[in-house]
Every structure is written in structure tokens, then in C-alpha cells.
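Engineer: Below you will find the structure I want to go over with you.
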Amino acid sequence: MRNYVKQMCRRPLQLLLMIVLIMIVTVMLVVGGNLWVTSDRISKAYEDDFITIGTVTQKPDAVAEVEEWDAEMGDYRIRKSSRYNRYATEEDLAFPEITYLIEPEKRVYWGSYAPEYLHWNDFLIYSGDDWEIVAEFSPMEDCIPDESVLIKITKILGDAKMLEGAVVWFCDHYNRYPEELKADKTYVAKLCEAHLTHGKRCEEKGVEDWRLEYGPEKVSPLLYTPEGKRIPDTLEMQAIYEVTEGFYESDAGKRLQEISNIGKTYHDTQPVVGTNSTDLLLPFYEGSAWVYEGRYPTAEEYAQGSPVCLAPREFAENNGLSVGDQVMTHLYYTCTADVVDINYNITGGGGYYMVLGTDGKLLSPFEEKAYTIVGLYDYTPSVKGIGREELIVPLNSVENKTENYVLFGAMADGNTSFQIENGTIADFLEASAKNGVDNLVYTFYDRGYSALMEEIQNLKNMSAALLVMGLIAAVILTLQISHIYITKQKRRLSVERMLGMPGKKCGYICLAGILILLFLGTVPGVAAGMAVTERVNIEDMGQEDFNRKYSNLGMAVETEIDLSGQKQGDLAVSCVMGGLVILLGGGISAYKVRRILSGEPLYLVSGEEIL
């Protein structure tokens, strides 16, 4: 053994070169193996932290222009509106090639008449109930209300009497040819605050330009079929009626009396949104809304339509509600056109619908149910997509989903969404194109999953290249080592056998020398490979893309994927790579030694090898 080592050391530069080359090959394999394991570890560790959802917007088939008279302009104003030949449904997204984690849903929201609860506007000094009233009035002088004119409100039919006896500004703003009003007559109309005052009479009286005028509004129901077709009114209504004897016994008079307290109805209406997953609601997905007490409804509760709900902080605190309490809902209208925050926005403004049936009566609740609060949620002040006092319930908990449509609309980002498997966005778009759906626009959200997977794939590609090059280099190097220290030593081995040394002992001595050489290269190579792995800046590589703004719990707290613990070289992986070099070198050397020792020593000495 000692003689064999001396033989190897006769050329120290050659020996040192072999050790350095073994180190380099080992470093390549160690770094490649560690990067592969690291990339695989990252993808598995954070797979569940990413959710991919898509939203859908249907493109209009045409844009219609409608002329609307504007008294202040003294001309027609052009108002554009979208037109659809057919409204897309969830069935249009049933692509055979796509498996949804959560099926597409086109959400509606329901109006729940809940006078038994305190609402946010109960605490306002000015409740706003007088912005929309049914009132009798007389003009202060004979006039044509094609500009702001003064009228005196002589009687209010509803309970909001604040303006009774008041003199206010009035204009039949949208009527191109308004009829003359007489000062000695009494009229009745549904009056709404609509525009700022305008015209000569205001200028003559020096009225501030911020004063509001009231305008008349036709009292007609706004109802649709589940297919989106407008249900025609059974009565042709006027905007203004003269009050004559027996008027309130007519159909028009009864209808005006019926809606005289419609402002109070709006006041006590609470929005209810149904969904199949809280993650499909963008404010919760993005983290601008979150549950601060209790929990989210479970997947089973959503699927089974359990009577559970999420309630907003403001509504719960105003009514002394907590997790475990019940909230009663009285659903009386359905809206699928607007996102809930348009009519119930956080600042309290927004428009309202004519909640009137074709029978001339206010809409009655079509479903009443008690929901148990399982979670209380809050939201950031600038949140979009959340309605004020909005209750969130499982979609399947509402049995009558298509009753009393007060407005119907197409799929939009705020009301249509679905969940697919991470990394399948391209497959989805391909399936959509294949199935000929060309009037739908998709927007996808994956919390940076695509960017993260792209970086991980780059990491895997780099590690794969290092592994392949390292293996090829290891094979070439070990073949060269075995050639130098085994094949070229066959004469010496033959002489030792002829002098009486057993063949096995000669082989063991030879292999022992090779293994020592391999160990001298792989041990420092493993250490160097682990050090190089730690120097590879995985933590900073695409870190902005690795950031995920919100956790799965929907907390509005910015967090990051921590890769600092992922970039360290794994000792087990490094040892395996080093062992692979030793195993490969030892295996090739053992094979060559066995071939040499199988020949006759005399022939080997003479240079004639018998194979």
C-alpha cells in the first residue's frame, strides 16, 4: 500500500490536479443537487399559500346612444349604454378541458328589509329621508318649469314631514316640453333631489350655485325576468299629476300613496351577498377586507348552503351582535347589474331602485331566514367591492335566487369569478379560445404564483444543467483517473503477483489508493459546494415577485415568502452528491482492476494482455 501511494506521489502536480478536478466536479454536483432540492422544497412549501382566481367581464355587442334632455344645457345630452344580444351565463364557462376548484359564479346581491336593526344612517343628524318624497305642492307663480322655479310643499304623503310647508326649488329637468303649472292649483309628484339650481329666476334672486333643486320622477316598476328581459308596466304613469277630487282613488293616486314612505324602506334595507367562497370576493382575496373575530365559513358550509354569515363590524357593534348570534334577513329584491358597493358604498351615497311590483305595491319579502354569525369582518377605509353593512352568506343558502330582479346586467369583474388550479392560466385561456368564447374578458389573480414558479423553473433549469455537466465531467474524470492509476500500472501489478502477492490484495491496494484520492477531492468539494450554494442569492432572486401581499387568512398585513432558510446547502444532499462521485470513481476503477487481474501476469509483463 505504501509503495502504491509513493508511486502515485511521484508526480505531485498531476496528483494535485486530479484532486482539484475532483473538487470542481463535486462542487458542480453539490450545487446542482442543492438547487434542485431547494426549488422543489420552495414549490411544495408555498403551493398552498397561493390561490388563483379569475374574474370575467362580458364585452357588449353594441353601444347605444340615447338622447336625454337637459334643462340646464338647453339641449339634448347624449348618454351611452351597452347593449347585449345575450347575457353570458356560468354554463358558457363550462369548458371540458378545465377542472375548476370552485365553479364560476355570477353573484347577485339581495336587499333585506331589516327595520328591526339599527343602521348606520340612524345615527346621522340629517337622515336623508327627505331627498326622495311624495308631496303635494303649488308653484309660487304661474310658470313653465324648464328652469329652477320656486314651489311650496303643502303636504307630504309619507312620514318624513321635514319639508312640509317649505319653499324649495323645482325643475322638470328631463322633460323637453314641460307643461305650465298654475299657482292656484295643487299638484302631486314623487320628488327627488337631482341637480343644482339654474336659470334666470335663480340669478335674479342671487341663489348660491350649490343649492339643489327637486325634480319629478315617474313611478314605474323596474323589474326583469331571470333572463334579463324588462317586465312592462301595466300602467302608463305621468311625472306630475294635478290633485283633483277622488284622485287618490285612481290607480296612479294609489301608487303614489304606496311609495310615499319608500325613503324609509331604503333607509332600512341591508345588502346581502351570496358566494361559494370568500376568496372569490376580491376585497377578501386581496386583503382589503378580513375576519377579525371568529372564522370564515368552511367549504362544507358553503357547499351545503348552511345558514351562517359574516357580519361587518359597524353593523354588529351598532346592534350589540357578536359571533354566535343570529341575524334575520328579509330578502325582497335581487340585483345582478351593479356591484353592491355602487348602491351601498362605504361613504353612504349611491342610487336606489324603484322597489315596486307590477301590481303597484312595494315589493314584499320572498324569503326570510335567520343566519348565525360565524365571523365578524372589517375592511380598509378605501375598500371597493364591499357594500356598507353587507352580510355575506353561502350562495346555496338562498332558495329563491331569481325573485324580484330590480336590475339585470352582464358579467363583470365585481360579480363573476372562479378558482382554478395554480399554474393553469394558459390552459384556461387556450380552452376558452378552443370553445369559441370570444366576448368574455378574463382577469387573473394568483398572488405572484406565476412569477414565483417562473423563478423556480429557472432555478431548476440551472440545477439540471449543473447536474448533467457534473455527471458527464465525473465520468470523464474518473475514467482518466482509472487510466492513469490503474491501466498504466498493470505491469507493476503483474510483477507483484509474480512475486507472490495475492490478486485480491493487489486489487484492494489499488482501489484503496483511488478511494483515498477521491476522498481527498470530494470532502473539500462537498464543503465548498455547500458554501457556493449559500452564496447563490436565492433570497434576492426575483424577491419582488416572490412577495405575496396577503396571506390566505385575508389579513391586511403585508408579508413575504421567507427564502433565507431555503438557500442553505443541505448536508444530506451534499453528501449524496459527494458519495456519487466516490461511487462512480470506485466503480469504474474496480471494473478496470478486475479486468487487469483476470489476465495472466506473465503476459501482462511482456505487454500482451489476454482479455
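Lettering and numbering for the C-alpha cells are positional, with chains as A, B, ... in the shown order, residues counted from 1 in each chain, and ligands counted from 1 in the shown order.
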Identify, on the basis of only C-alpha atoms, every residue whose closest approach to Tyr113 of chain A does not exceed 6 Å; exclude the query and any residue fewer than 4 positions from it along the same chain; express the result as a PDB file with N, CA and C atoms, in the first residue's frame.
Structural biologist:
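Saved file part_16.pdb follows:
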ATOM      1  N   ASP A 268     -83.905  51.333   5.676  1.00  0.00           N
ATOM      2  CA  ASP A 268     -83.839  50.110   6.487  1.00  0.00           C
ATOM      3  C   ASP A 268     -83.458  48.872   5.670  1.00  0.00           C
ATOM      4  N   THR A 269     -82.916  49.081   4.475  1.00  0.00           N
ATOM      5  CA  THR A 269     -82.521  47.952   3.634  1.00  0.00           C
ATOM      6  C   THR A 269     -81.028  47.665   3.788  1.00  0.00           C
ATOM      7  N   HIS A 330     -84.701  39.492   5.472  1.00  0.00           N
ATOM      8  CA  HIS A 330     -85.995  39.522   4.783  1.00  0.00           C
ATOM      9  C   HIS A 330     -85.706  39.977   3.350  1.00  0.00           C
TER      10      HIS A 330
END
Engineer: Nearest residue to Asn319 of chain A out of A:Ala189, A:Ala464, A:Val25, A:Leu118, using only C-alpha atoms?
Structural biologist: A:Leu118
Engineer: Could you give me, as a Markdown table, a per-residue list for segment 73-133 of chain A showing, wherever an atom lies at most 10 Å from an atom of segment 226-249 of chain A, the closest pair of atoms and their distance in Å to one decimal, using only C-alpha atoms and sorting by chain then residue number from low to high?
Structural biologist:
| residue | atom | partner | partner_atom | distance |
| --- | --- | --- | --- | --- |
| A:Arg86 | CA | A:Gly228 | CA | 8.8 |
| A:Tyr87 | CA | A:Gly228 | CA | 7.6 |
| A:Thr89 | CA | A:Glu227 | CA | 9.8 |
Engineer: So which residues touch segment 477-481 of chain A within 9 Å, counting only C-alpha atoms, skipping near sequence neighbours fewer than 2 positions away, as an MDAnalysis selection string?
Structural biologist: chainID A and resid 18 21:22 25 472:475 483:486 514 581 584:586 588:589
Engineer: Applying 9 Å and only C-alpha atoms, which residues near segment 333-337 of chain A remain after dropping the ones on its own chain fewer than 4 positions away? List them as JSON, numbers by chain.
Structural biologist: {"A": [106, 107, 108, 109, 110, 111, 112, 355, 363, 364, 365, 366, 401, 402, 403, 404, 405, 406, 407, 408, 409, 410, 411, 412, 415]}
Engineer: Any idea what's packed within 9 Å of segment 73-76 of chain A, counting only C-alpha atoms, ignoring anything in its chain fewer than 3 positions away? Could you give it as a list in words?
Structural biologist: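 Using only C-alpha atoms, the neighbours found are Glu67, Glu68, Trp69, Asp70, Asp146 and Arg176 of chain A.
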Engineer: If we count only C-alpha atoms, what is near Phe315 of chain A at a cut-off of 8 Å, once residues fewer than 6 positions away on the same chain are taken out, given as a list of chain:residue names?
Structural biologist: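 The contact residues come out as A:Leu118, A:His119, A:Trp120, A:Glu389.
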Engineer: Could you give me, as a PyMOL selection string, each residue of segment 88-311 of chain A that DSSP assigns to strand (DSSP E) when run on this structure's backbone?
Structural biologist: chain A and resi 102-106+109-113+132-139+149-156+167-170+187-196+212-217+240-242+269-275+289-294+308-311
Engineer: Taking the DSSP assignment computed from this structure's backbone, write out as number ranges by chain all residues of segment 213-370 of chain A that belong to helix (DSSP H, G or I).
Structural biologist: A: 247-249, 251-258, 262-267, 278-280, 282-286, 299-304, 313-318, 340-343
Engineer: For each of A:Tyr177, A:Glu105, A:Gln304, A:Gln326, take the minimum atom-to-atom distance to Glu90 of chain A, counting only C-alpha atoms, then give the residue where this is smallest.
Structural biologist: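 With only C-alpha atoms as the atom set, the closest residue is A:Glu105.
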Engineer: Considering only C-alpha atoms, state which residue in the set A:Ser417, A:Asn396, A:Asn85, A:Thr278 is at the smallest distance from Gly375 of chain A.
Structural biologist: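 For Gly375 of chain A, the nearest of the given residues is A:Thr278.
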Engineer: For each of A:Met328, A:Ala62, A:Val398, A:Ala289, take the minimum atom-to-atom distance to Ser306 of chain A, counting only C-alpha atoms, then give the residue where this is smallest.
Structural biologist: A:Val398
Engineer: What is the distance between atom CA of Gly529 of chain A and atom CA of Ser43 of chain A, in Å to one decimal?
Structural biologist: 22.6 Å
Engineer: Using only C-alpha atoms, which of the listed residues (A:Phe50, A:Val207, A:Ala512, A:Gly470) sits closest to Gly578 of chain A?
Structural biologist: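 The closest residue to Gly578 of chain A is A:Gly470.
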